[in-house]
Each structure stands twice: as C-alpha cells, then as structure tokens.
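The file final-v8.txt contains compact mmCIF, C-alpha atoms:
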```txt
# COMPACT_ATOMS: atom_id res chain seq x y z
CA MET A 257 -68.12 -14.39 -17.70
CA THR A 258 -66.00 -12.53 -20.17
CA THR A 259 -64.04 -13.88 -23.11
CA THR A 260 -60.50 -12.95 -23.97
CA ALA A 261 -58.47 -13.21 -27.15
CA THR A 262 -54.92 -14.49 -27.18
CA ALA A 263 -51.90 -13.39 -29.13
CA THR A 264 -51.99 -15.05 -32.52
CA ALA A 265 -49.99 -14.91 -35.72
CA THR A 266 -51.30 -15.21 -39.25
CA GLU A 267 -51.00 -13.46 -42.59
CA ALA A 268 -52.26 -9.94 -43.13
CA PRO A 269 -53.60 -8.79 -46.52
CA PRO A 270 -50.83 -7.91 -48.98
CA PRO A 271 -49.87 -4.24 -48.77
CA THR A 272 -50.67 -1.83 -51.57
CA THR A 273 -47.63 -1.15 -53.73
CA PRO A 274 -46.52 2.45 -53.13
CA ALA A 275 -46.01 4.80 -56.04
CA ALA A 276 -42.37 5.20 -57.07
CA ALA A 277 -40.68 8.33 -55.78
CA THR A 278 -39.54 10.80 -58.39
CA ASN A 279 -36.36 11.65 -56.45
CA SER A 280 -33.43 9.27 -56.31
CA GLU A 281 -33.76 9.06 -52.52
CA GLU A 282 -36.84 7.84 -50.63
CA PRO A 283 -38.53 10.72 -48.77
CA ALA A 284 -38.41 10.50 -44.98
CA PRO A 285 -41.71 9.37 -43.48
CA THR A 286 -43.83 12.07 -41.90
CA LYS A 287 -45.94 11.72 -38.77
CA ARG A 288 -48.89 10.78 -40.97
CA GLN A 289 -46.84 8.47 -43.20
CA LYS A 290 -45.63 5.50 -41.14
CA MET A 291 -42.91 3.16 -42.29
CA SER A 292 -44.20 -0.24 -43.42
CA PRO A 293 -42.95 -3.17 -41.32
CA THR A 294 -40.25 -5.43 -42.71
CA ASN A 295 -42.69 -8.36 -42.99
CA PRO A 296 -46.15 -6.77 -43.39
CA ARG A 297 -47.83 -10.07 -44.34
CA ILE A 298 -47.25 -11.45 -40.83
CA ILE A 299 -49.68 -10.11 -38.24
CA ALA A 300 -49.64 -10.54 -34.44
CA LEU A 301 -52.79 -9.75 -32.49
CA PHE A 302 -52.41 -9.04 -28.77
CA ASP A 303 -55.06 -9.28 -26.07
CA VAL A 304 -55.24 -6.37 -23.61
CA ASP A 305 -56.17 -7.64 -20.12
CA GLY A 306 -53.75 -10.27 -18.91
CA THR A 307 -51.38 -9.86 -21.87
CA LEU A 308 -50.48 -6.22 -22.53
CA THR A 309 -51.68 -5.09 -19.08
CA ILE A 310 -52.85 -6.55 -15.81
CA PRO A 311 -56.69 -6.70 -15.74
CA ARG A 312 -58.01 -3.12 -16.05
CA GLY A 313 -54.47 -1.79 -15.57
CA GLU A 314 -52.43 0.62 -17.68
CA VAL A 315 -49.77 -0.49 -20.12
CA THR A 316 -46.19 -0.05 -18.94
CA PRO A 317 -43.75 2.09 -20.95
CA SER A 318 -41.56 -0.95 -21.57
CA MET A 319 -44.47 -2.97 -22.98
CA MET A 320 -45.52 -0.14 -25.29
CA ALA A 321 -41.91 0.29 -26.43
CA PHE A 322 -41.76 -3.43 -27.23
CA MET A 323 -45.00 -3.24 -29.23
CA LYS A 324 -43.79 -0.28 -31.26
CA SER A 325 -40.47 -1.99 -31.90
CA LEU A 326 -42.27 -5.15 -33.03
CA SER A 327 -44.48 -3.11 -35.35
CA GLU A 328 -41.35 -2.16 -37.31
CA LYS A 329 -40.87 -5.83 -38.15
CA ILE A 330 -44.41 -7.21 -38.56
CA THR A 331 -48.00 -5.95 -38.59
CA VAL A 332 -49.36 -5.51 -35.05
CA GLY A 333 -52.97 -5.38 -33.88
CA ILE A 334 -54.89 -5.11 -30.61
CA VAL A 335 -57.81 -7.33 -29.55
CA GLY A 336 -59.88 -6.88 -26.39
CA GLY A 337 -63.20 -7.61 -24.76
CA SER A 338 -63.67 -4.05 -23.48
CA ASP A 339 -64.99 -1.16 -25.55
CA LEU A 340 -62.63 1.35 -27.17
CA PRO A 341 -62.83 4.01 -24.42
CA LYS A 342 -61.65 1.42 -21.87
CA GLN A 343 -58.89 0.31 -24.24
CA GLU A 344 -57.74 3.93 -24.45
CA GLU A 345 -57.73 4.19 -20.66
CA GLN A 346 -55.35 1.24 -20.57
CA LEU A 347 -53.26 1.74 -23.73
CA GLY A 348 -53.50 5.49 -24.35
CA GLU A 349 -55.75 7.83 -26.27
CA GLY A 350 -55.73 7.34 -30.02
CA ILE A 351 -54.54 3.72 -29.81
CA THR A 352 -56.39 2.89 -33.06
CA LYS A 353 -53.88 5.10 -34.87
CA VAL A 354 -50.78 3.67 -33.17
CA PHE A 355 -51.13 0.18 -34.66
CA PRO A 356 -52.89 -0.65 -37.95
CA TYR A 357 -55.49 -3.07 -36.58
CA ASN A 358 -57.72 -2.69 -33.52
CA PHE A 359 -60.60 -4.93 -32.47
CA SER A 360 -62.61 -4.02 -29.38
CA GLN A 361 -65.62 -5.74 -27.79
CA ASN A 362 -64.30 -9.17 -28.76
CA GLY A 363 -63.77 -8.21 -32.37
CA LEU A 364 -67.23 -6.81 -33.11
CA VAL A 365 -65.89 -3.27 -33.50
CA ALA A 366 -63.05 -3.20 -36.01
CA TYR A 367 -60.64 -0.38 -36.94
CA LYS A 368 -57.95 -0.28 -39.59
CA ASN A 369 -55.42 2.56 -39.61
CA GLY A 370 -57.66 4.59 -37.34
CA GLU A 371 -60.75 4.23 -39.54
CA LEU A 372 -63.86 2.32 -38.44
CA LEU A 373 -64.41 -0.79 -40.57
CA GLU A 374 -67.39 -2.62 -39.12
CA ILE A 375 -69.70 -2.87 -36.08
CA GLN A 376 -71.87 -5.81 -35.10
CA THR A 377 -74.14 -5.82 -32.02
CA ILE A 378 -75.73 -8.42 -29.78
CA SER A 379 -78.96 -6.38 -29.72
CA LYS A 380 -79.40 -6.91 -33.48
CA HIS A 381 -78.74 -10.62 -33.06
CA LEU A 382 -81.04 -11.26 -30.08
CA GLY A 383 -83.64 -8.52 -30.43
CA GLU A 384 -84.69 -6.03 -27.77
CA ASP A 385 -87.25 -8.32 -26.11
CA ASN A 386 -84.58 -10.91 -25.33
CA ILE A 387 -82.15 -8.23 -24.20
CA LYS A 388 -84.69 -7.01 -21.65
CA LYS A 389 -85.36 -10.56 -20.45
CA ILE A 390 -81.66 -11.14 -19.83
CA VAL A 391 -81.13 -7.83 -18.02
CA ASN A 392 -84.19 -8.29 -15.80
CA TRP A 393 -83.27 -11.88 -14.95
CA VAL A 394 -79.65 -10.98 -14.09
CA MET A 395 -80.64 -8.13 -11.78
CA LYS A 396 -83.15 -10.34 -9.93
CA TYR A 397 -80.63 -13.18 -9.63
CA LEU A 398 -77.83 -10.96 -8.29
CA ALA A 399 -80.17 -9.36 -5.77
CA ASP A 400 -80.40 -12.75 -4.03
CA VAL A 401 -76.66 -13.51 -4.13
CA ASP A 402 -75.00 -12.88 -0.76
CA LEU A 403 -71.42 -11.57 -1.00
CA PRO A 404 -69.09 -9.96 1.56
CA VAL A 405 -69.32 -6.68 -0.38
CA LYS A 406 -71.29 -5.34 -3.35
CA ARG A 407 -70.52 -2.20 -5.33
CA GLY A 408 -71.99 -0.73 -8.52
CA THR A 409 -72.30 -1.60 -12.23
CA PHE A 410 -73.31 -5.25 -11.97
CA ILE A 411 -74.16 -5.59 -15.64
CA GLU A 412 -72.56 -3.70 -18.51
CA PHE A 413 -74.01 -3.82 -22.00
CA ARG A 414 -71.45 -3.92 -24.82
CA SER A 415 -71.86 -4.28 -28.55
CA GLY A 416 -71.29 -8.02 -28.54
CA MET A 417 -71.72 -9.17 -24.95
CA PHE A 418 -73.00 -8.62 -21.45
CA ASN A 419 -70.25 -8.14 -18.88
CA ILE A 420 -71.81 -9.39 -15.63
CA SER A 421 -70.04 -8.79 -12.32
CA PRO A 422 -71.67 -10.14 -9.15
CA VAL A 423 -69.46 -7.92 -6.96
CA GLY A 424 -69.84 -4.89 -9.27
CA ARG A 425 -67.33 -3.44 -11.71
CA ASN A 426 -66.92 -0.37 -9.49
CA CYS A 427 -65.10 -2.42 -6.85
CA SER A 428 -61.51 -1.63 -5.97
CA ARG A 429 -58.65 -3.90 -7.05
CA GLU A 430 -58.38 -5.22 -3.48
CA GLU A 431 -62.12 -5.96 -3.40
CA ARG A 432 -61.84 -7.63 -6.81
CA ASN A 433 -59.05 -9.89 -5.53
CA ASP A 434 -61.02 -10.77 -2.38
CA TYR A 435 -64.10 -11.56 -4.47
CA GLU A 436 -62.09 -13.83 -6.74
CA LYS A 437 -61.00 -15.90 -3.72
CA PHE A 438 -64.59 -15.98 -2.42
CA ASP A 439 -65.87 -17.04 -5.84
CA LEU A 440 -63.38 -19.92 -6.04
CA GLU A 441 -64.63 -21.19 -2.69
CA HIS A 442 -68.37 -20.73 -3.30
CA ASP A 443 -68.76 -21.12 -7.12
CA ILE A 444 -70.71 -17.86 -7.48
CA ARG A 445 -70.05 -17.46 -11.20
CA LYS A 446 -70.22 -21.19 -11.98
CA ASN A 447 -73.66 -21.49 -10.38
CA MET A 448 -74.90 -18.36 -12.15
CA VAL A 449 -73.71 -19.60 -15.55
CA GLU A 450 -75.48 -22.92 -15.01
CA ALA A 451 -78.68 -21.09 -14.09
CA MET A 452 -78.43 -18.85 -17.17
CA GLN A 453 -77.76 -21.79 -19.46
CA LYS A 454 -80.98 -23.38 -18.22
CA GLU A 455 -83.02 -20.16 -18.31
CA PHE A 456 -81.88 -19.03 -21.77
CA ALA A 457 -81.25 -22.38 -23.46
CA ASP A 458 -83.17 -21.25 -26.53
CA LEU A 459 -80.87 -18.27 -27.19
CA ASN A 460 -77.70 -20.30 -27.80
CA LEU A 461 -75.48 -17.95 -25.79
CA THR A 462 -71.81 -18.46 -24.99
CA TYR A 463 -70.62 -17.92 -21.41
```

What is this file in structure tokens?
Amino acid sequence: MTTTATATATEAPPPTTPAAATNSEEPAPTKRQKMSPTNPRIIALFDVDGTLTIPRGEVTPSMMAFMKSLSEKITVGIVGGSDLPKQEEQLGEGITKVFPYNFSQNGLVAYKNGELLEIQTISKHLGEDNIKKIVNWVMKYLADVDLPVKRGTFIEFRSGMFNISPVGRNCSREERNDYEKFDLEHDIRKNMVEAMQKEFADLNLTY
C-alpha cells in the first residue's frame, strides 16, 4: 500500500551563468562549491527502495560511487516514499546536500541544494476529521486480521500518505519475507484495499 517512484530522465532548469573569474585560470572548487555536471539540463531521478537499495536496506559503496560519478555528467536527484530521516538511514546523513534534488514522502517534501523548497501534507488535503476516521477504521480492521505474527507500528502517518502494514513495520526482514508469502496466498492487502475503497469512496484516495 505504498507508492514508489522510478528512475526518470527529463530536463532540469537551466543553470545560472557563473560570474567570470578575474584570474586567467578557473579556481579549484571548494567543498562548498561543487563542480557543475557536464550536461546539467539532463536530470535523472532515482527511487530509493528497490532501486538504490533493497527495501529498507542501506546503499552499497559501489552504488553510491556510481551515483556520484553520474552526477559529474548530469543532474542527479533522489525520490522516495519514506520521510527524510529514513532516507538518511539508507543513503547517509546529509543526503540532501550530496545531490542537488531530493524528494521524500512521494515528492511532497522537496529540497534543492540542501535547502527546503516546499511541503504539502495529506492532513491539509483531507482535514483532521477524515484523518481520524481513517486511522480508527484501519486499527479496528487490522485487529480482526489473523496473521502468523504481528509486531508494532501498523500505521505510519507521513506528510502525503498513510503507510499501513498489517504485520507491523517493526518486523524483522525474515518476518517481512514470510508475511509477503502469506499475503500472496491469502490476499491480505488486496482485501483490505477493496474494503477501504468502499469505506472511503468519497475521499478519492489512491492505494
């Protein structure tokens, strides 16, 4: 019941023309002054889970090296469904400053060059009364779902979505894998989505 972005390529906004250097030679870039990519008008946006890392896993050194190498050629950005703290757990602290564009929570929280650009929230869109109805309904529904194991954090509120996990997001990777097999056999998520679509038809939600 989560959405993921895929790697895409398009054109980034044209870069600002730098002021001409007074010396005959270009000054070497400092840590704060990054070199512009060869083709800055081309941008590639990479999803986190399932693309840069395994789900909820940490990025490998080789993948990060590839991303940094690519950023010397084109503009690189990160897109993910998780919030920024979870992105940093997977990609490293300060990831918004490593690549020029970063979009967390399915693009509703946007950073450019480490600076926050914009935040949109589902609570503003739906209103607090509807948020409470959804949370209460989900907790009651999951209480009646019988699974081999249940852990903690069954519903996580994010800026632009609810991340709902019948087994609980605190489960181990082995428990997550076992639940995925169980879900494929018993349609746990499919049945829940159908029930939510019927219950909240007036809210025009995407699942």

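For the pair atom CA of Leu372 of chain A and atom CA of Arg312 of chain A, the separation is 23.8 Å.
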
task = Please provide the set of residues having any atom within 6 Å of segment 339-352 of chain A, restricted to only C-alpha atoms, with same-chain residues fewer than 5 positions apart removed, written as a PyMOL selection string.
result = chain A and resi 313-315+358+360-361+370

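What separates atom CA of Phe355 of chain A from atom CA of Arg425 of chain A is a distance of 28.3 Å.
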
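Shortest atom-to-atom contact with Leu398 of chain A among A:Ile375, A:Leu382, A:Ile444, A:Leu301: A:Ile444, counting only C-alpha atoms.
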
key: Non-local contacts of Phe302 of chain A (12 Å; all atoms listed in the file; under 4 positions in same chain excluded) as number ranges by chain   = A: 260-265, 306-309, 319-320, 323, 326-327, 331-337, 347, 355, 357-360, 362-363

task = Extract, using all atoms listed in the file, all DNA, RNA and protein residues at most 10 Å from Asp439 of chain A, discarding same-chain residues fewer than 5 positions from it, and format them as a ChimeraX atom specification.
result = /A:403,422-423,433-434,444-446

With C-alpha atoms retained, could you export that selection as a compact mmCIF listing (two decimals), keeping the file's coordinate frame?
```
# COMPACT_ATOMS: atom_id res chain seq x y z
CA LEU A 403 -71.42 -11.57 -1.00
CA PRO A 422 -71.67 -10.14 -9.15
CA VAL A 423 -69.46 -7.92 -6.96
CA ASN A 433 -59.05 -9.89 -5.53
CA ASP A 434 -61.02 -10.77 -2.38
CA ILE A 444 -70.71 -17.86 -7.48
CA ARG A 445 -70.05 -17.46 -11.20
CA LYS A 446 -70.22 -21.19 -11.98
```

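The two atoms in question, atom CA of Glu412 of chain A and atom CA of Ser338 of chain A, are spaced 10.2 Å apart.
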
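For the choices A:Lys353, A:Gly408, A:Lys454, A:Asn392, the atom-to-atom distance to Glu371 of chain A is smallest for A:Lys353 when using all atoms listed in the file.
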
task = Quick one: everything within 12 Å of Val401 of chain A, counting all atoms listed in the file, minus sequence neighbours fewer than 4 positions away in the same chain. Send it as a VMD selection string.
result = chain A and resid 394 to 397 405 to 406 410 421 to 423 439 442 to 445 447 to 448

ask   = Within 10 Å of (-73.1, -6.0, -21.4), all atoms listed in the file: residues as a PyMOL selection string?
value = chain A and resi 258+338+361+378+387+391+410-421

message = Using all atoms listed in the file, list the residues that have an atom at most 7 Å from (-85.5, -16.0, -18.7), coordinates as in the file, as a count of residues only.
response = 5

Padded axis-aligned box of segment 422-427 of chain A (4 Å per side), centre and edge lengths, Å, one decimal, as JSON:
```
{"center_x": -68.4, "center_y": -5.3, "center_z": -9.3, "size_x": 14.6, "size_y": 17.8, "size_z": 12.9}
```

note = Restricting to all atoms listed in the file, whichever of A:Met452, A:Asn295, A:Asp402, A:Arg407 is closest to Ser428 of chain A is A:Arg407

Skipping near chain neighbours, those fewer than 6 positions away, what residues fall within 6 Å of Pro293 of chain A using all atoms listed in the file, listed as a JSON list (two decimals) with C-alpha atoms, keeping the file's coordinate frame?
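Contents of around_7.json, freshly written:
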```
[["chain", "number", "residue", "atom", "x", "y", "z"],
["A", 328, "GLU", "CA", -41.35, -2.16, -37.31],
["A", 329, "LYS", "CA", -40.87, -5.83, -38.15],
["A", 330, "ILE", "CA", -44.41, -7.21, -38.56]]
```
